[in-house]
2 protein chains.
Amino acid sequence: MNVLLTGAYGRCGTAIIDHLHDEPDYDFTYLDLEDPDDGAEYGSYDTVVADVADAAAVQNAATDQDAMIHLAGYPFTDGTWDDVHQPNIIGTLNALEAARTQELETVVFASTNHVMGMYESENAPDLYLGSEAPFQLSHEDPVRPDSYYGVSKSFGEDLCRYYVENYEYPKRAHAIRICSVRMPEYDHPYGDAESGVEAGDYERGSVEYEQQVARMKAMWQSRRDFAHMIDRCLQTDDPGFDIYSGVSDNDRRWYSIENARETIDYDPQDNGETWDSPPE
Amino acid sequence: MNVLLTGAYGRCGTAIIDHLHDEPDYDFTYLDLEDPDDGAEYGSYDTVVADVADAAAVQNAATDQDAMIHLAGYPFTDGTWDDVHQPNIIGTLNALEAARTQELETVVFASTNHVMGMYESENAPDLYLGSEAPFQLSHEDPVRPDSYYGVSKSFGEDLCRYYVENYEYPKRAHAIRICSVRMPEYDHPYGDAESGVEAGDYERGSVEYEQQVARMKAMWQSRRDFAHMIDRCLQTDDPGFDIYSGVSDNDRRWYSIENARETIDYDPQDNGETWDSPPE
């Protein structure tokens, strides 16, 4: 299976590379704004240096592919409309147009929990602190975006569904509402409070730090669970569009993984609760 | 109440003008791409000639308004991405940005049944022919757009919700999934088969004509019922975002009007079923 991976060198793309690069089923082409090391680190696969807002470049990269994992886009909730318009709105249109015209069977679309972010905002911080969340958000609940970023990803979900239901290609599209995939050095619910990069800018032991850790125990999707979910999406033959929560089997999660379990046999290995202290 | 009505001279805008223009509660400003008769037909209200894709023009028109009824946009399912991108995506962004910065209390957004159009497509034509529809689509069902137009209106709904839930203004936004509002001369479920303009290009008495009439008996929203729904939206003080089906009290409808009845006291007067033959 020839697979185009856009946004290959970000947080989520590298999780796919780390876990699926050597799978014999897949022959990857990586696409990103830059090629971090001229492809050396990730072996023999091609890297296309392109902006997904460039329709012709995406069409070109999609030629002879069977599937596309579309992760490229502006990824933060602080984004203005101008930040998300070209990368997320136009970029996703270009991805789906390329899938349609180049006759790709499968699209996997990186959506986000921020499509549903207001359910969290209006219940935080109490939502974080119980051992089990008071509700489970499913793929059928109405969207409530918390940012232009969230709106742009909701648009991407709608566009995926429209293409699958109205055109011959893609045959299927899977939208994953990714909760929190982290870089390898922080692949756990605890951040590095000193660096402030991953866990927020909170002092260890403070109330805010404990809330943040509790939130991450609910939201974390381990890199291997994320890559496994991608693999399950690529291995499914059923036609149609569906939405899954991208989250590990966390006791505290408020994003339901039932649809992913039932539809694509998602079988996560990790649970944020098993981390009762930061790693050494 | 100062009310800006965008897309004032289209099918839906003129229904509002016909029924609410003389209501003492409202002081309208009309906005459209053209002023059909320099304002003469519609009396003393100002008409702003502007394109909603022009952010500055929308900001300017929104100054000193209390509410905006945002109907302007590309209105047909045949629209390409380029047809809907500026009028519907950017135009609705401009409308909501103007509501936020000019501190408008209320936005009423013209959405469409085509946000949910695939539920119809996959059940047509059987859906049209029973005396009662086998399902009722609510504001809480997942969207399934049937066109770029439908996707663009789903985006508009999401953006309305995002603004209401994240900014001080607008305080409330109502999205109406308008089913079928018609020009005054066709304000009934029967079209003019000879002109082919309204009822489709089907010969009277043909199967296709009967299906089309049956569909319109389900989808019709009379001009007075539409204007009444707009009035109810403007008269509601509750904050927040909600979605209503824009349809009359038709026996055959598959768009539920329960949420509109409960939330804004929508009380439609018309029912497509009362038309058992074309008007003389």
# chains A, B, ... in the order shown; residues from 1 in each chain; ligands from 1

$ closest_atom_pairs --of "chain A" --to "chain B" --cutoff "8 Å" --atoms "only C-alpha atoms" --output "CSV"
residue,atom,partner,partner_atom,distance
A:Met118,CA,B:Glu165,CA,7.6
A:Glu140,CA,B:Pro142,CA,5.7
A:Asp141,CA,B:Glu140,CA,6.9
A:Pro142,CA,B:Glu140,CA,5.7
A:Val143,CA,B:Asp158,CA,7.4
A:Arg144,CA,B:Arg161,CA,6.8
A:Pro145,CA,B:Tyr162,CA,5.7
A:Asp146,CA,B:Tyr162,CA,6.2
A:Ser147,CA,B:Tyr162,CA,6.9
A:Tyr148,CA,B:Tyr162,CA,7.9
A:Val151,CA,B:Asp158,CA,6.3
A:Ser154,CA,B:Phe155,CA,7.6
A:Phe155,CA,B:Phe155,CA,5.7
A:Asp158,CA,B:Val151,CA,6.2
A:Leu159,CA,B:Val151,CA,6.4
A:Arg161,CA,B:Arg144,CA,6.8
A:Tyr162,CA,B:Pro145,CA,5.7
A:Glu165,CA,B:Met118,CA,7.6
A:Asn166,CA,B:Asp146,CA,7.0

$ write_last_selection --atoms "C-alpha atoms" --output "compact mmCIF listing (two decimals), in the first residue's frame"
# COMPACT_ATOMS: atom_id res chain seq x y z
CA MET A 118 -16.42 23.60 24.80
CA GLU A 140 -22.53 11.50 17.23
CA ASP A 141 -22.60 14.41 19.67
CA PRO A 142 -22.97 17.92 18.23
CA VAL A 143 -19.68 19.72 17.67
CA ARG A 144 -18.75 22.63 19.93
CA PRO A 145 -15.42 24.07 18.74
CA ASP A 146 -13.31 26.11 21.15
CA SER A 147 -11.13 27.94 18.62
CA TYR A 148 -10.71 28.83 14.96
CA VAL A 151 -13.74 25.17 13.62
CA SER A 154 -14.80 20.47 12.10
CA PHE A 155 -14.88 21.82 8.55
CA ASP A 158 -17.55 17.70 7.14
CA LEU A 159 -15.55 17.89 3.93
CA ARG A 161 -17.83 13.09 4.82
CA TYR A 162 -19.04 15.07 1.81
CA GLU A 165 -20.64 10.23 0.35
CA ASN A 166 -20.66 12.07 -2.98

$ calpha_fit_and_write --fixed "chain A" --moving "chain B" --output "CSV table (one decimal) with C-alpha atoms, in the first residue's frame"
chain,number,residue,atom,x,y,z
B,1,MET,CA,0.0,0.0,0.0
B,2,ASN,CA,1.4,3.3,-1.1
B,3,VAL,CA,0.7,5.9,1.7
B,4,LEU,CA,1.2,9.6,1.5
B,5,LEU,CA,1.8,11.1,5.0
B,6,THR,CA,1.4,14.9,5.2
B,7,GLY,CA,2.8,16.7,8.1
B,8,ALA,CA,5.2,13.8,8.5
B,9,TYR,CA,7.7,15.4,10.9
B,10,GLY,CA,5.4,16.8,13.5
B,11,ARG,CA,4.4,15.2,16.8
B,12,CYS,CA,1.9,12.8,15.3
B,13,GLY,CA,3.7,12.1,12.1
B,14,THR,CA,6.8,11.0,13.8
B,15,ALA,CA,4.7,8.6,16.0
B,16,ILE,CA,3.6,6.9,12.7
B,17,ILE,CA,7.1,6.9,11.4
B,18,ASP,CA,8.5,5.4,14.6
B,19,HIS,CA,6.0,2.6,14.7
B,20,LEU,CA,4.9,1.9,11.1
B,21,HIS,CA,7.9,2.9,9.0
B,22,ASP,CA,9.2,-0.7,8.9
B,23,GLU,CA,5.9,-2.4,8.4
B,24,PRO,CA,6.1,-4.3,5.1
B,25,ASP,CA,2.5,-3.4,4.2
B,26,TYR,CA,3.3,0.2,3.8
B,27,ASP,CA,5.4,2.2,1.3
B,28,PHE,CA,5.4,5.7,2.7
B,29,THR,CA,6.0,9.0,1.0
B,30,TYR,CA,6.5,11.8,3.5
B,31,LEU,CA,5.4,15.4,2.9
B,32,ASP,CA,6.2,18.3,5.0
B,33,LEU,CA,7.2,22.0,4.8
B,34,GLU,CA,10.8,21.0,5.4
B,35,ASP,CA,12.9,17.8,5.2
B,36,PRO,CA,14.6,17.8,8.5
B,37,ASP,CA,17.7,15.8,7.5
B,38,ASP,CA,17.3,15.2,3.8
B,39,GLY,CA,15.5,11.9,4.6
B,40,ALA,CA,18.6,10.3,6.3
B,41,GLU,CA,17.0,9.7,9.7
B,42,TYR,CA,14.0,7.9,8.2
B,43,GLY,CA,15.7,5.7,5.7
B,44,SER,CA,14.8,5.2,2.1
B,45,TYR,CA,11.4,6.8,1.9
B,46,ASP,CA,10.9,9.9,-0.3
B,47,THR,CA,10.2,13.2,1.3
B,48,VAL,CA,8.3,15.8,-0.7
B,49,VAL,CA,8.9,19.3,0.5
B,50,ALA,CA,5.6,21.1,-0.1
B,51,ASP,CA,2.9,23.2,1.4
B,52,VAL,CA,-0.5,21.6,1.5
B,53,ALA,CA,-2.1,24.9,0.6
B,54,ASP,CA,-0.5,24.4,-2.9
B,55,ALA,CA,-3.1,22.3,-4.7
B,56,ALA,CA,-0.8,21.3,-7.6
B,57,ALA,CA,1.9,20.1,-5.2
B,58,VAL,CA,-0.6,18.0,-3.3
B,59,GLN,CA,-2.0,16.5,-6.5
B,60,ASN,CA,1.5,15.7,-7.6
B,61,ALA,CA,2.4,14.0,-4.3
B,62,ALA,CA,-0.8,12.0,-4.4
B,63,THR,CA,-0.1,10.4,-7.7
B,64,ASP,CA,0.1,6.6,-7.5
B,65,GLN,CA,-0.8,6.6,-3.8
B,66,ASP,CA,-3.4,4.3,-2.3
B,67,ALA,CA,-4.0,6.2,0.9
B,68,MET,CA,-3.3,9.5,2.4
B,69,ILE,CA,-2.8,10.3,6.1
B,70,HIS,CA,-3.5,14.0,6.2
B,71,LEU,CA,-1.9,15.5,9.3
B,72,ALA,CA,-0.5,18.8,7.9
B,73,GLY,CA,-2.0,21.9,9.2
B,74,TYR,CA,-1.8,24.7,11.8
B,75,PRO,CA,-2.1,22.7,15.1
B,76,PHE,CA,-2.7,25.1,18.0
B,77,THR,CA,-5.8,26.7,19.6
B,78,ASP,CA,-4.2,30.1,19.6
B,79,GLY,CA,-4.5,30.3,15.8
B,80,THR,CA,-6.2,33.3,14.2
B,81,TRP,CA,-8.4,32.8,11.2
B,82,ASP,CA,-5.4,33.8,9.0
B,83,ASP,CA,-3.4,31.1,10.7
B,84,VAL,CA,-5.8,28.3,9.9
B,85,HIS,CA,-7.4,29.5,6.6
B,86,GLN,CA,-4.7,28.4,4.2
B,87,PRO,CA,-3.2,25.4,6.0
B,88,ASN,CA,-6.3,23.8,7.4
B,89,ILE,CA,-9.3,24.9,5.3
B,90,ILE,CA,-7.6,25.1,1.9
B,91,GLY,CA,-5.0,22.4,2.7
B,92,THR,CA,-7.8,19.9,3.5
B,93,LEU,CA,-9.7,20.8,0.4
B,94,ASN,CA,-6.6,20.2,-1.6
B,95,ALA,CA,-6.0,16.9,0.2
B,96,LEU,CA,-9.5,15.6,-0.6
B,97,GLU,CA,-9.5,16.9,-4.2
B,98,ALA,CA,-6.2,15.0,-4.7
B,99,ALA,CA,-7.7,11.9,-3.2
B,100,ARG,CA,-10.7,12.2,-5.5
B,101,THR,CA,-8.8,12.9,-8.7
B,102,GLN,CA,-5.9,10.6,-8.0
B,103,GLU,CA,-8.3,7.8,-6.9
B,104,LEU,CA,-7.0,7.1,-3.5
B,105,GLU,CA,-9.0,4.5,-1.6
B,106,THR,CA,-8.5,5.9,1.9
B,107,VAL,CA,-8.0,9.2,3.7
B,108,VAL,CA,-7.2,9.4,7.4
B,109,PHE,CA,-7.8,12.9,8.6
B,110,ALA,CA,-6.2,14.4,11.7
B,111,SER,CA,-9.0,16.1,13.5
B,112,THR,CA,-8.8,17.2,17.1
B,113,ASN,CA,-10.6,17.2,20.5
B,114,HIS,CA,-10.9,20.9,20.0
B,115,VAL,CA,-13.8,20.3,17.6
B,116,MET,CA,-15.6,19.4,20.9
B,117,GLY,CA,-13.6,21.6,23.2
B,118,MET,CA,-16.4,23.6,24.8
B,119,TYR,CA,-17.7,20.5,26.5
B,120,GLU,CA,-14.4,20.4,28.4
B,121,SER,CA,-14.2,24.2,29.0
B,122,GLU,CA,-17.5,24.5,30.6
B,123,ASN,CA,-16.8,21.6,33.0
B,124,ALA,CA,-13.2,22.3,33.8
B,125,PRO,CA,-11.4,21.9,36.2
B,126,ASP,CA,-13.9,19.6,38.0
B,127,LEU,CA,-13.9,17.4,35.0
B,128,TYR,CA,-10.2,16.6,35.5
B,129,LEU,CA,-10.3,15.6,39.1
B,130,GLY,CA,-12.7,12.6,39.4
B,131,SER,CA,-11.4,9.1,38.8
B,132,GLU,CA,-14.1,8.7,36.1
B,133,ALA,CA,-15.5,11.4,33.8
B,134,PRO,CA,-19.2,12.3,34.2
B,135,PHE,CA,-19.9,12.0,30.4
B,136,GLN,CA,-18.5,10.3,27.4
B,137,LEU,CA,-18.4,12.3,24.1
B,138,SER,CA,-19.2,10.2,21.1
B,139,HIS,CA,-18.8,10.7,17.3
B,140,GLU,CA,-22.5,11.5,17.2
B,141,ASP,CA,-22.6,14.4,19.7
B,142,PRO,CA,-23.0,17.9,18.2
B,143,VAL,CA,-19.7,19.7,17.7
B,144,ARG,CA,-18.7,22.6,19.9
B,145,PRO,CA,-15.4,24.1,18.7
B,146,ASP,CA,-13.3,26.1,21.1
B,147,SER,CA,-11.1,27.9,18.6
B,148,TYR,CA,-10.7,28.8,14.9
B,149,TYR,CA,-8.5,25.8,14.9
B,150,GLY,CA,-11.4,23.6,16.2
B,151,VAL,CA,-13.7,25.2,13.6
B,152,SER,CA,-11.2,24.5,10.8
B,153,LYS,CA,-11.0,20.8,11.9
B,154,SER,CA,-14.8,20.5,12.1
B,155,PHE,CA,-14.9,21.8,8.5
B,156,GLY,CA,-12.4,19.2,7.6
B,157,GLU,CA,-14.5,16.4,9.0
B,158,ASP,CA,-17.6,17.7,7.1
B,159,LEU,CA,-15.6,17.9,3.9
B,160,CYS,CA,-14.3,14.3,4.4
B,161,ARG,CA,-17.8,13.1,4.8
B,162,TYR,CA,-19.0,15.1,1.8
B,163,TYR,CA,-16.3,13.6,-0.4
B,164,VAL,CA,-16.9,10.0,0.7
B,165,GLU,CA,-20.6,10.2,0.3
B,166,ASN,CA,-20.7,12.1,-3.0
B,167,TYR,CA,-17.7,10.9,-5.0
B,168,GLU,CA,-16.2,7.6,-6.1
B,169,TYR,CA,-12.9,8.4,-4.3
B,170,PRO,CA,-11.9,8.3,-1.6
B,171,LYS,CA,-13.9,5.1,-0.7
B,172,ARG,CA,-13.5,5.8,3.0
B,173,ALA,CA,-12.3,8.5,5.3
B,174,HIS,CA,-11.5,8.3,9.0
B,175,ALA,CA,-11.4,11.4,11.1
B,176,ILE,CA,-9.4,11.0,14.3
B,177,ARG,CA,-10.1,13.6,17.0
B,178,ILE,CA,-6.6,13.5,18.4
B,179,CYS,CA,-6.5,14.3,22.1
B,180,SER,CA,-2.9,14.5,23.1
B,181,VAL,CA,0.0,12.8,21.3
B,182,ARG,CA,3.4,13.9,22.7
B,183,MET,CA,6.9,13.9,21.6
B,184,PRO,CA,8.9,10.7,22.5
B,185,GLU,CA,10.6,12.3,25.5
B,186,TYR,CA,7.2,13.2,27.0
B,187,ASP,CA,5.2,10.2,26.0
B,188,HIS,CA,3.3,10.1,29.4
B,189,PRO,CA,0.9,12.3,31.3
B,190,TYR,CA,3.6,14.2,33.2
B,191,GLY,CA,5.2,17.2,31.7
B,192,ASP,CA,8.5,18.7,32.3
B,193,ALA,CA,7.6,21.6,34.6
B,194,GLU,CA,11.0,23.0,34.4
B,195,SER,CA,11.1,23.3,30.7
B,196,GLY,CA,7.5,24.4,30.6
B,197,VAL,CA,7.3,23.1,27.1
B,198,GLU,CA,5.0,20.2,27.6
B,199,ALA,CA,3.1,20.2,30.9
B,200,GLY,CA,2.3,23.8,31.1
B,201,ASP,CA,4.0,26.5,33.1
B,202,TYR,CA,3.0,25.2,36.5
B,203,GLU,CA,5.1,24.4,39.4
B,204,ARG,CA,5.2,20.8,40.5
B,205,GLY,CA,2.9,20.2,43.4
B,206,SER,CA,0.7,23.3,42.7
B,207,VAL,CA,-3.0,22.9,42.2
B,208,GLU,CA,-2.7,23.9,38.5
B,209,TYR,CA,0.0,21.3,38.0
B,210,GLU,CA,-2.1,18.6,39.5
B,211,GLN,CA,-5.1,19.6,37.4
B,212,GLN,CA,-2.9,19.6,34.3
B,213,VAL,CA,-1.6,16.1,35.1
B,214,ALA,CA,-5.1,14.9,35.8
B,215,ARG,CA,-6.2,16.3,32.5
B,216,MET,CA,-3.4,14.6,30.7
B,217,LYS,CA,-4.2,11.3,32.3
B,218,ALA,CA,-7.6,11.6,30.6
B,219,MET,CA,-6.3,13.0,27.3
B,220,TRP,CA,-3.1,11.2,26.6
B,221,GLN,CA,-2.8,9.0,23.5
B,222,SER,CA,0.4,7.2,23.6
B,223,ARG,CA,2.5,7.2,20.5
B,224,ARG,CA,2.1,3.4,20.0
B,225,ASP,CA,-1.7,3.7,20.5
B,226,PHE,CA,-1.9,6.5,18.0
B,227,ALA,CA,0.1,4.6,15.4
B,228,HIS,CA,-2.0,1.5,16.1
B,229,MET,CA,-5.1,3.5,15.4
B,230,ILE,CA,-3.7,4.8,12.1
B,231,ASP,CA,-2.8,1.2,11.2
B,232,ARG,CA,-6.3,0.0,12.0
B,233,CYS,CA,-7.7,2.8,9.8
B,234,LEU,CA,-5.5,1.8,6.9
B,235,GLN,CA,-6.4,-1.9,7.3
B,236,THR,CA,-10.2,-1.5,7.2
B,237,ASP,CA,-12.0,-2.3,4.0
B,238,ASP,CA,-15.4,-0.9,4.9
B,239,PRO,CA,-16.5,2.1,2.9
B,240,GLY,CA,-17.8,5.3,4.4
B,241,PHE,CA,-17.0,8.0,6.8
B,242,ASP,CA,-16.5,7.7,10.6
B,243,ILE,CA,-15.0,9.6,13.5
B,244,TYR,CA,-12.9,8.2,16.4
B,245,SER,CA,-11.6,9.7,19.5
B,246,GLY,CA,-7.8,9.6,19.5
B,247,VAL,CA,-7.1,8.7,23.1
B,248,SER,CA,-5.6,5.8,25.0
B,249,ASP,CA,-7.6,3.5,27.3
B,250,ASN,CA,-7.5,6.1,30.1
B,251,ASP,CA,-9.8,5.6,33.1
B,252,ARG,CA,-10.6,9.3,33.2
B,253,ARG,CA,-11.2,9.9,29.5
B,254,TRP,CA,-14.4,11.8,28.5
B,255,TYR,CA,-13.9,10.9,24.9
B,256,SER,CA,-15.5,7.6,24.2
B,257,ILE,CA,-13.4,5.0,22.4
B,258,GLU,CA,-16.4,2.6,21.8
B,259,ASN,CA,-16.8,3.6,18.2
B,260,ALA,CA,-13.2,2.9,17.4
B,261,ARG,CA,-13.3,-0.4,19.2
B,262,GLU,CA,-16.3,-1.5,17.3
B,263,THR,CA,-15.6,-0.1,13.9
B,264,ILE,CA,-11.8,-0.5,13.4
B,265,ASP,CA,-10.9,-2.9,16.3
B,266,TYR,CA,-8.9,-0.2,18.1
B,267,ASP,CA,-7.2,-2.0,21.0
B,268,PRO,CA,-5.2,0.5,22.9
B,269,GLN,CA,-2.4,-0.7,25.2
B,270,ASP,CA,-1.9,2.3,27.4
B,271,ASN,CA,-3.8,4.0,30.3
B,272,GLY,CA,-2.7,7.3,31.7
B,273,GLU,CA,-3.7,6.1,35.2
B,274,THR,CA,-0.8,3.7,35.3
B,275,TRP,CA,1.5,6.7,35.7
B,276,ASP,CA,1.1,7.6,39.4
B,277,SER,CA,4.3,9.6,39.4
B,278,PRO,CA,6.5,11.3,36.8
B,279,PRO,CA,9.1,9.0,35.2
B,280,GLU,CA,12.6,9.2,36.6

$ select_by_dssp --residues "stretch 37-258 of chain A" --states "strand (DSSP E or B)" --output "ChimeraX atom specification"
/A:46-49,67-70,106-112,137,172-178,180,220,240-246,255

$ select_by_dssp --residues "stretch 35-237 of chain A" --states "alpha helix (DSSP H)" --output "count of residues only"
77

$ decode --residues "stretch 12-26 of chain A" --atoms "C-alpha atoms" --output "PDB file, in the first residue's frame"
ATOM      1  CA  CYS A  12       1.882  12.797  15.345  1.00  0.00           C
ATOM      2  CA  GLY A  13       3.661  12.116  12.063  1.00  0.00           C
ATOM      3  CA  THR A  14       6.816  10.974  13.824  1.00  0.00           C
ATOM      4  CA  ALA A  15       4.748   8.575  15.957  1.00  0.00           C
ATOM      5  CA  ILE A  16       3.594   6.942  12.724  1.00  0.00           C
ATOM      6  CA  ILE A  17       7.122   6.886  11.366  1.00  0.00           C
ATOM      7  CA  ASP A  18       8.495   5.423  14.599  1.00  0.00           C
ATOM      8  CA  HIS A  19       5.982   2.581  14.720  1.00  0.00           C
ATOM      9  CA  LEU A  20       4.935   1.885  11.123  1.00  0.00           C
ATOM     10  CA  HIS A  21       7.918   2.868   9.000  1.00  0.00           C
ATOM     11  CA  ASP A  22       9.221  -0.697   8.887  1.00  0.00           C
ATOM     12  CA  GLU A  23       5.856  -2.411   8.401  1.00  0.00           C
ATOM     13  CA  PRO A  24       6.134  -4.331   5.136  1.00  0.00           C
ATOM     14  CA  ASP A  25       2.532  -3.442   4.226  1.00  0.00           C
ATOM     15  CA  TYR A  26       3.326   0.229   3.763  1.00  0.00           C
TER      16      TYR A  26
END
